[in-house]
Every structure is written in C-alpha cells, then in structure tokens.
$ cat target-v2.cif   # mmCIF, C-alpha atoms
data_query
#
loop_
_atom_site.label_atom_id
_atom_site.label_comp_id
_atom_site.auth_asym_id
_atom_site.auth_seq_id
_atom_site.Cartn_x
_atom_site.Cartn_y
_atom_site.Cartn_z
CA MET A 27 136.55 134.60 157.87
CA SER A 28 137.20 130.94 157.16
CA VAL A 29 139.61 129.60 154.57
CA VAL A 30 139.81 125.92 153.66
CA ARG A 31 142.11 124.37 151.07
CA VAL A 32 140.56 121.74 148.84
CA ALA A 33 142.41 119.23 146.65
CA ALA A 34 140.81 117.66 143.59
CA VAL A 35 142.47 114.37 142.72
CA GLN A 36 141.98 113.82 138.99
CA HIS A 37 142.72 110.14 138.43
CA ASP A 38 142.22 107.14 136.20
CA ILE A 39 140.32 104.10 137.52
CA VAL A 40 141.41 100.48 137.28
CA TRP A 41 138.25 98.76 136.06
CA PHE A 42 136.56 96.84 138.89
CA ASP A 43 139.75 96.32 140.84
CA ARG A 44 139.14 97.93 144.20
CA GLU A 45 142.46 96.99 145.74
CA ALA A 46 144.43 98.37 142.80
CA ASN A 47 142.57 101.66 143.09
CA TYR A 48 143.11 101.84 146.84
CA VAL A 49 146.84 101.28 146.35
CA ALA A 50 147.01 103.96 143.65
CA LEU A 51 144.95 106.56 145.51
CA ALA A 52 146.26 106.28 149.07
CA PRO A 53 149.60 108.03 148.36
CA ARG A 54 147.82 110.72 146.35
CA ILE A 55 145.56 111.48 149.31
CA SER A 56 148.60 111.64 151.59
CA ALA A 57 150.36 113.98 149.15
CA ALA A 58 147.30 116.23 148.98
CA ALA A 59 147.21 116.39 152.77
CA ALA A 60 150.92 117.23 152.83
CA GLY A 61 150.14 120.05 150.39
CA GLY A 62 147.87 121.65 152.95
CA ALA A 63 144.50 120.33 151.80
CA ARG A 64 141.78 120.03 154.40
CA ILE A 65 139.36 118.42 151.91
CA VAL A 66 140.54 115.80 149.40
CA LEU A 67 138.12 114.75 146.68
CA LEU A 68 138.30 111.64 144.49
CA THR A 69 135.96 110.91 141.59
CA GLU A 70 132.60 109.24 141.15
CA THR A 71 132.81 105.43 141.59
CA PHE A 72 136.49 105.90 142.34
CA SER A 73 137.10 102.26 143.28
CA THR A 74 135.34 100.44 140.43
CA GLY A 75 134.52 102.63 137.49
CA PHE A 76 131.01 103.57 136.41
CA SER A 77 129.00 100.48 135.44
CA PHE A 78 125.94 100.03 137.62
CA ALA A 79 124.59 97.22 135.46
CA ASP A 80 127.35 95.01 136.85
CA PRO A 81 126.21 93.46 140.17
CA ALA A 82 129.84 93.47 141.35
CA ILE A 83 129.62 97.22 141.89
CA ALA A 84 127.22 96.86 144.84
CA GLU A 85 128.43 97.18 148.42
CA PRO A 86 126.60 97.41 151.74
CA GLU A 87 126.49 100.82 153.37
CA GLY A 88 129.86 101.22 155.06
CA GLY A 89 131.40 98.62 152.73
CA PRO A 90 135.03 98.44 151.58
CA SER A 91 135.06 101.56 149.41
CA SER A 92 133.45 103.69 152.07
CA GLN A 93 135.79 102.23 154.67
CA PHE A 94 138.77 103.18 152.53
CA LEU A 95 137.63 106.81 152.65
CA VAL A 96 137.11 106.62 156.41
CA ASP A 97 140.55 105.09 156.95
CA GLN A 98 142.27 107.63 154.72
CA ALA A 99 140.55 110.53 156.45
CA ALA A 100 141.73 109.31 159.84
CA ALA A 101 145.25 108.46 158.67
CA ASN A 102 145.82 111.85 157.03
CA ASP A 103 143.74 114.10 159.30
CA VAL A 104 141.66 115.41 156.38
CA TRP A 105 138.16 115.11 154.95
CA VAL A 106 138.06 112.63 152.04
CA GLY A 107 135.23 112.15 149.55
CA GLY A 108 134.29 109.91 146.64
CA THR A 109 131.23 107.98 145.49
CA CYS A 110 130.34 104.39 146.30
CA ALA A 111 127.53 102.12 145.09
CA GLU A 112 125.84 101.32 148.38
CA LEU A 113 122.69 99.45 149.33
CA ALA A 114 120.99 101.51 152.01
CA PRO A 115 119.94 99.58 155.11
CA ASP A 116 116.44 101.08 154.80
CA ALA A 117 116.01 100.05 151.15
CA PRO A 118 112.54 98.55 150.71
CA ALA A 119 112.28 94.83 150.11
CA ASP A 120 110.76 95.42 146.69
CA ASP A 121 113.52 97.81 145.58
CA GLN A 122 117.01 96.55 146.32
CA ARG A 123 118.77 98.88 143.93
CA VAL A 124 121.91 100.55 145.22
CA SER A 125 122.33 104.31 145.61
CA ASN A 126 125.16 106.29 144.07
CA VAL A 127 126.47 107.83 147.28
CA PHE A 128 128.90 110.71 147.77
CA VAL A 129 130.60 109.58 150.97
CA LEU A 130 132.42 112.40 152.75
CA ALA A 131 134.48 111.10 155.67
CA GLY A 132 135.99 113.29 158.35
CA PRO A 133 139.21 112.80 160.32
CA ASP A 134 137.25 112.18 163.54
CA GLY A 135 135.21 109.33 162.05
CA THR A 136 132.24 111.46 161.03
CA VAL A 137 130.63 110.30 157.77
CA HIS A 138 128.12 112.19 155.62
CA ARG A 139 126.22 110.60 152.74
CA TYR A 140 124.62 112.36 149.79
CA ARG A 141 122.60 110.08 147.50
CA LYS A 142 122.62 111.20 143.89
CA ILE A 143 119.29 112.88 143.17
CA HIS A 144 119.52 112.53 139.39
CA PRO A 145 120.65 109.09 138.16
CA PHE A 146 121.90 109.33 134.58
CA SER A 147 118.93 107.90 132.65
CA HIS A 148 120.69 108.40 129.30
CA SER A 149 122.94 105.45 130.18
CA GLY A 150 120.31 103.52 132.14
CA GLU A 151 121.71 104.37 135.58
CA ASP A 152 118.16 104.90 136.82
CA GLU A 153 117.37 101.22 136.15
CA TYR A 154 119.96 100.12 138.70
CA VAL A 155 120.21 103.11 141.07
CA ARG A 156 117.66 104.50 143.52
CA ALA A 157 117.45 108.28 143.30
CA GLY A 158 118.15 110.28 146.42
CA SER A 159 115.88 113.07 147.60
CA GLU A 160 117.82 115.08 150.17
CA HIS A 161 120.44 117.79 149.78
CA ILE A 162 123.47 117.55 152.04
CA THR A 163 125.49 120.53 153.23
CA VAL A 164 128.45 119.95 155.55
CA THR A 165 130.28 122.69 157.45
CA ILE A 166 134.03 122.08 157.48
CA ASP A 167 136.12 124.53 159.50
CA GLY A 168 133.50 127.21 158.99
CA VAL A 169 133.00 126.60 155.25
CA ARG A 170 129.58 125.35 154.15
CA CYS A 171 130.03 122.68 151.46
CA SER A 172 127.12 121.24 149.48
CA LEU A 173 127.60 117.84 147.84
CA PHE A 174 126.55 116.82 144.32
CA ILE A 175 127.37 114.11 141.78
CA CYS A 176 127.98 114.28 138.02
CA TYR A 177 124.59 114.44 136.18
CA ASP A 178 123.19 116.67 138.94
CA LEU A 179 125.22 119.41 137.27
CA ARG A 180 122.56 119.79 134.56
CA PHE A 181 119.79 120.70 137.01
CA ALA A 182 120.25 124.28 138.15
CA ASP A 183 117.29 124.16 140.54
CA GLU A 184 119.08 121.68 142.82
CA PHE A 185 121.94 124.14 143.31
CA TRP A 186 119.59 127.10 143.70
CA ALA A 187 117.79 125.27 146.51
CA VAL A 188 120.83 125.37 148.80
CA ALA A 189 122.58 128.51 147.54
CA HIS A 190 121.88 130.68 150.58
CA ASP A 191 123.51 128.11 152.86
CA THR A 192 126.46 127.24 150.61
CA ASP A 193 129.95 128.67 150.30
CA ALA A 194 131.29 125.92 148.02
CA TYR A 195 129.70 123.27 145.86
CA LEU A 196 131.66 120.01 145.69
CA LEU A 197 130.74 117.96 142.61
CA ILE A 198 132.52 114.75 141.61
CA ALA A 199 131.97 112.93 138.35
CA ASN A 200 132.73 110.46 135.59
CA TRP A 201 131.92 112.95 132.80
CA PRO A 202 132.73 111.83 129.23
CA ALA A 203 135.14 113.70 127.00
CA LYS A 204 132.63 113.94 124.16
CA ARG A 205 130.54 116.35 126.27
CA ARG A 206 133.42 118.16 127.90
CA HIS A 207 132.24 121.62 126.81
CA HIS A 208 128.97 120.97 128.68
CA TRP A 209 130.98 120.10 131.78
CA GLN A 210 133.10 123.23 131.60
CA THR A 211 130.22 125.58 130.78
CA LEU A 212 127.76 124.27 133.34
CA ALA A 213 130.29 124.19 136.19
CA ARG A 214 131.20 127.82 135.58
CA ALA A 215 127.53 128.75 135.30
CA ARG A 216 126.69 127.14 138.65
CA ALA A 217 129.41 129.21 140.32
CA ILE A 218 128.23 132.45 138.71
CA GLU A 219 124.50 132.06 139.28
CA ASN A 220 124.89 130.96 142.92
CA GLN A 221 127.80 133.26 143.80
CA ALA A 222 129.70 130.40 145.41
CA TYR A 223 132.88 128.46 144.79
CA PHE A 224 132.44 125.45 142.55
CA VAL A 225 134.82 122.49 142.80
CA ALA A 226 134.38 120.14 139.83
CA VAL A 227 136.33 116.87 139.97
CA ASN A 228 136.36 114.48 137.01
CA ARG A 229 138.22 111.32 136.12
CA VAL A 230 140.59 110.72 133.22
CA GLY A 231 141.21 107.57 131.19
CA ARG A 232 139.06 105.06 129.38
CA ASP A 233 136.42 102.91 131.00
CA GLY A 234 135.39 99.36 130.18
CA ALA A 235 131.63 99.54 130.68
CA LEU A 236 129.45 96.53 129.97
CA ASP A 237 125.66 96.41 129.72
CA ALA A 238 123.39 93.98 131.58
CA GLU A 239 124.05 91.28 128.96
CA GLY A 240 127.78 91.62 129.34
CA LYS A 241 128.23 93.44 126.02
CA ARG A 242 130.73 96.24 125.89
CA THR A 243 129.12 99.67 125.70
CA GLY A 244 132.41 101.59 125.66
CA PRO A 245 135.09 102.35 125.59
CA LEU A 246 134.25 105.79 126.91
CA ASP A 247 136.99 108.39 127.24
CA HIS A 248 137.18 110.96 130.02
CA SER A 249 139.12 114.20 129.61
CA GLY A 250 139.40 115.32 133.22
CA ASP A 251 139.01 119.10 133.03
CA SER A 252 138.73 119.27 136.80
CA ALA A 253 138.56 122.88 137.95
CA VAL A 254 137.75 125.27 140.77
CA PHE A 255 135.76 128.43 140.04
CA ASP A 256 135.37 131.38 142.39
CA PRO A 257 132.00 133.06 143.12
CA MET A 258 132.38 135.30 140.06
CA GLY A 259 133.04 132.32 137.80
CA GLU A 260 136.76 132.99 137.45
CA VAL A 261 138.94 129.90 137.07
CA LEU A 262 141.21 129.59 140.08
CA VAL A 263 142.85 126.38 138.88
CA SER A 264 142.17 123.78 136.23
CA ALA A 265 143.55 120.51 134.95
CA ALA A 266 143.90 119.05 131.48
CA GLY A 267 143.64 115.38 130.50
CA ALA A 268 146.25 113.69 132.68
CA GLU A 269 146.33 112.41 136.23
CA THR A 270 147.07 115.30 138.57
CA THR A 271 145.99 116.99 141.78
CA ILE A 272 144.87 120.61 141.84
CA PHE A 273 144.52 122.84 144.91
CA ALA A 274 142.46 125.92 145.69
CA ASP A 275 141.51 127.90 148.78
CA ILE A 276 137.85 128.44 149.63
CA ASP A 277 137.44 131.81 151.39
CA THR A 278 134.08 132.62 153.00
CA ASP A 279 134.92 136.33 153.01
CA VAL A 280 135.05 136.26 149.21
CA VAL A 281 131.61 134.64 149.08
CA ALA A 282 130.14 137.18 151.51
CA ALA A 283 131.70 140.15 149.72
CA THR A 284 130.51 138.97 146.30
CA ARG A 285 126.95 138.52 147.54
CA GLN A 286 126.98 141.84 149.35
CA HIS A 287 128.19 143.76 146.30
CA PHE A 288 126.02 141.95 143.74
CA GLN A 289 122.77 141.19 145.54
CA PHE A 290 121.38 138.85 142.91
CA LEU A 291 120.23 135.91 145.02
CA GLN A 292 117.51 137.95 146.70
CA ASP A 293 115.81 138.55 143.34
CA ARG A 294 115.10 134.89 142.65
CA ARG A 295 111.52 133.70 142.53
#
$ encode --input "target-v2.cif" --output "structure tokens"
Amino acid sequence: MSVVRVAAVQHDIVWFDREANYVALAPRISAAAAGGARIVLLTETFSTGFSFADPAIAEPEGGPSSQFLVDQAAANDVWVGGTCAELAPDAPADDQRVSNVFVLAGPDGTVHRYRKIHPFSHSGEDEYVRAGSEHITVTIDGVRCSLFICYDLRFADEFWAVAHDTDAYLLIANWPAKRRHHWQTLARARAIENQAYFVAVNRVGRDGALDAEGKRTGPLDHSGDSAVFDPMGEVLVSAAGAETTIFADIDTDVVAATRQHFQFLQDRR
C-alpha cells in the first residue's frame, strides 16, 4: 500500500508578470506542504497566462518558470508541477516553436517533462506550439502518476494507453468557464473508464489574451472547478470559482481493489 497526499492549487494568474506570480504562489506551495501534501500542482502556464502567440511567453528549457518549480520543490521538500512554454534544446532549426511542458520537479532536484500531445487548435495553439509525442508516468512514493495538460482531456485514447501503469492522472489546465460542464464530465469519465484517481487542476480569473496582431481575443473567464475523483468516479474534493487549495489522498490499495473487483480494463481492444 502507498498513500500520497496531493494538493491542487487553484489560482488566478497575473497576466505576463512572472515575478508577481512567483510571489503569489510561493506561500501557497509552502502552505500546501505544511498541510501534508507530497505533490503540489499549479495550473497550466502558471507564470504568464495562456497566450502562446505572444513571443514573451517563450523560455529556454530550464528557464525562470521551470527554475521556480525546482526551487520550490527543494525548499518545501515536495514535488511541484506546472506548465511552462519551453524551447527544447533539440528543436529543429526549421521549427523553433516552444512546447507546452508540464514540468514536475522533485525535492531532490529530479525534473520530469511532459510535452502536451494535443495543442489546442481551436485557439491556434498548434501554430505556436510543437506537439509532444511521449507519455510520462512518474512514480512518487510508490504511486504511479501520469501527466497530462488541459486539451488532452478530450482524447480518451491517450489515457487508455497508460491506464495499466497508472494509479493517478494529474491534469493541469486553463479551461474556460463557458465549457465547464465538459471539464467536469470528462474528468469524471477519465477516472471511471481507467479505474484510477483523477486530479484535475484549473485556474480561476480572467485572462488578457492577445492574438498575433496584438488584438485582444478575450477576456476569457475561468471557473476553476478543480477536483479529485476516485477510481469509481466519486468526487473526493472539489473547488468552486475562487482561489483555494484542495487536498486528497491517493491510495494504491483503492486502485488495486477497484480493478480486482471490476475487471474492466482487461476487456479493452
């Protein structure tokens, strides 16, 4: 049996002000650690807001936003995750688009990177972001955690692909309020169909997105609705539309017992 406490930090984002976001989030990470969390999750593009058309979002791999996560993990003796817009060192010369990277930093300096497989083409993210191709599963204190980002939520096959090796899915997002029922329904469905915990972390507040010509495309409101579902799809904890931190315990015995009693995964084709 392994039990790991996860904290989902549901927060607003100061638009393209990295330092302001670092200052706001550091004490919230510390408070989550003090509350017993072993894993602390921030949101997608936690340090800038979601606007990949703006060149200012780009950072080198291991840049300031990633380093913030690394520093916070070490300072608080926890795993800390969020997404950063990073230019991979192996990016081809003819494609210098950034990747939307879920950076998960460990207290010992270990860093894992999951590159978003499904850029959000509806908003043009694919024009500015290179799609990833590899799933990432990280074992933390005996709990197997698979990493995903926002729009990935709509593609069940990605979650199916790693189900047998996953105890908990960790998905962080900037999901808009106008499609909040999609967010809530799909997150629960991914827990049920894969018989695993599902940790869904979303931002709150209003963004200030601009397109490539500098014209405002927003404002876009975000309702939060962060939640943790157990392997039967039951809500363990959920948040509404304000800044808050929610906690839940991931228990591998619950995953194993659910899969043993309801042997559904073996019937997939």
$ residues_around --input "target-v2.cif" --residues "A:Ala57" --least-positions-apart "5" --cutoff "12 Å" --atoms "all atoms listed in the file" --output "short mmCIF file (atom, residue, chain, number, x, y, z; two decimals) with C-alpha atoms, keeping the file's coordinate frame"
data_model
loop_
_atom_site.label_atom_id
_atom_site.label_comp_id
_atom_site.auth_asym_id
_atom_site.auth_seq_id
_atom_site.Cartn_x
_atom_site.Cartn_y
_atom_site.Cartn_z
CA ALA A 33 142.41 119.23 146.65
CA ALA A 34 140.81 117.66 143.59
CA VAL A 35 142.47 114.37 142.72
CA ALA A 50 147.01 103.96 143.65
CA LEU A 51 144.95 106.56 145.51
CA ALA A 52 146.26 106.28 149.07
CA GLY A 62 147.87 121.65 152.95
CA ALA A 63 144.50 120.33 151.80
CA ARG A 64 141.78 120.03 154.40
CA VAL A 66 140.54 115.80 149.40
CA GLN A 98 142.27 107.63 154.72
CA ASN A 102 145.82 111.85 157.03
CA VAL A 104 141.66 115.41 156.38
CA THR A 270 147.07 115.30 138.57
CA THR A 271 145.99 116.99 141.78
CA ILE A 272 144.87 120.61 141.84
CA PHE A 273 144.52 122.84 144.91
#
$ closest_residue --input "target-v2.cif" --among "A:Gly61, A:Ala82, A:Leu68, A:Thr109" --to "A:Asp43" --atoms "only C-alpha atoms"
A:Ala82
$ resolve_selection --input "target-v2.cif" --expression "the PyMOL selection byres ((chain A and resi 197) around 7)" --output "list in words"
Leu173, Phe174, Ile175, Cys176, Tyr195, Leu196, Ile198, Ala199, Val225, Ala226 and Val227 of chain A
$ resolve_selection --input "target-v2.cif" --expression "the PyMOL selection byres ((chain A and resi 96) around 10)" --output "PDB file with C-alpha atoms, keeping the file's coordinate frame"
ATOM      1  CA  GLY A  88     129.860 101.220 155.060  1.00  0.00           C
ATOM      2  CA  PRO A  90     135.030  98.440 151.580  1.00  0.00           C
ATOM      3  CA  SER A  91     135.060 101.560 149.410  1.00  0.00           C
ATOM      4  CA  SER A  92     133.450 103.690 152.070  1.00  0.00           C
ATOM      5  CA  GLN A  93     135.790 102.230 154.670  1.00  0.00           C
ATOM      6  CA  PHE A  94     138.770 103.180 152.530  1.00  0.00           C
ATOM      7  CA  LEU A  95     137.630 106.810 152.650  1.00  0.00           C
ATOM      8  CA  ASP A  97     140.550 105.090 156.950  1.00  0.00           C
ATOM      9  CA  GLN A  98     142.270 107.630 154.720  1.00  0.00           C
ATOM     10  CA  ALA A  99     140.550 110.530 156.450  1.00  0.00           C
ATOM     11  CA  ALA A 100     141.730 109.310 159.840  1.00  0.00           C
ATOM     12  CA  ALA A 101     145.250 108.460 158.670  1.00  0.00           C
ATOM     13  CA  VAL A 104     141.660 115.410 156.380  1.00  0.00           C
ATOM     14  CA  TRP A 105     138.160 115.110 154.950  1.00  0.00           C
ATOM     15  CA  VAL A 106     138.060 112.630 152.040  1.00  0.00           C
ATOM     16  CA  GLY A 107     135.230 112.150 149.550  1.00  0.00           C
ATOM     17  CA  VAL A 129     130.600 109.580 150.970  1.00  0.00           C
ATOM     18  CA  LEU A 130     132.420 112.400 152.750  1.00  0.00           C
ATOM     19  CA  ALA A 131     134.480 111.100 155.670  1.00  0.00           C
ATOM     20  CA  GLY A 132     135.990 113.290 158.350  1.00  0.00           C
ATOM     21  CA  PRO A 133     139.210 112.800 160.320  1.00  0.00           C
ATOM     22  CA  ASP A 134     137.250 112.180 163.540  1.00  0.00           C
ATOM     23  CA  GLY A 135     135.210 109.330 162.050  1.00  0.00           C
ATOM     24  CA  THR A 136     132.240 111.460 161.030  1.00  0.00           C
ATOM     25  CA  VAL A 137     130.630 110.300 157.770  1.00  0.00           C
TER      26      VAL A 137
END
$ atom_distance --input "target-v2.cif" --atom1 "atom CA of A:Lys142" --atom2 "atom CA of A:Val155"
8.9 Å
$ resolve_selection --input "target-v2.cif" --expression "the PyMOL selection byres ((chain A and resi 125-127) around 9)" --output "MDAnalysis selection string"
chainID A and resid 70:71 84 108:114 123:124 128:129 139:143 145 154:158 175
$ atom_distance --input "target-v2.cif" --atom1 "atom CA of A:Gln36" --atom2 "atom CA of A:Val263"
12.6 Å
$ atom_distance --input "target-v2.cif" --atom1 "atom CA of A:Val261" --atom2 "atom CA of A:Thr211"
11.6 Å
$ closest_residue --input "target-v2.cif" --among "A:Ser264, A:Gln221, A:Asn228, A:Ser149" --to "A:Gln289" --atoms "only C-alpha atoms"
A:Gln221
$ closest_residue --input "target-v2.cif" --among "A:Thr284, A:Gln122, A:Trp186, A:Gly259" --to "A:Glu153" --atoms "all atoms listed in the file"
A:Gln122
$ closest_residue --input "target-v2.cif" --among "A:Leu246, A:Val30, A:Ile166, A:Ala222" --to "A:Arg205" --atoms "all atoms listed in the file"
A:Leu246
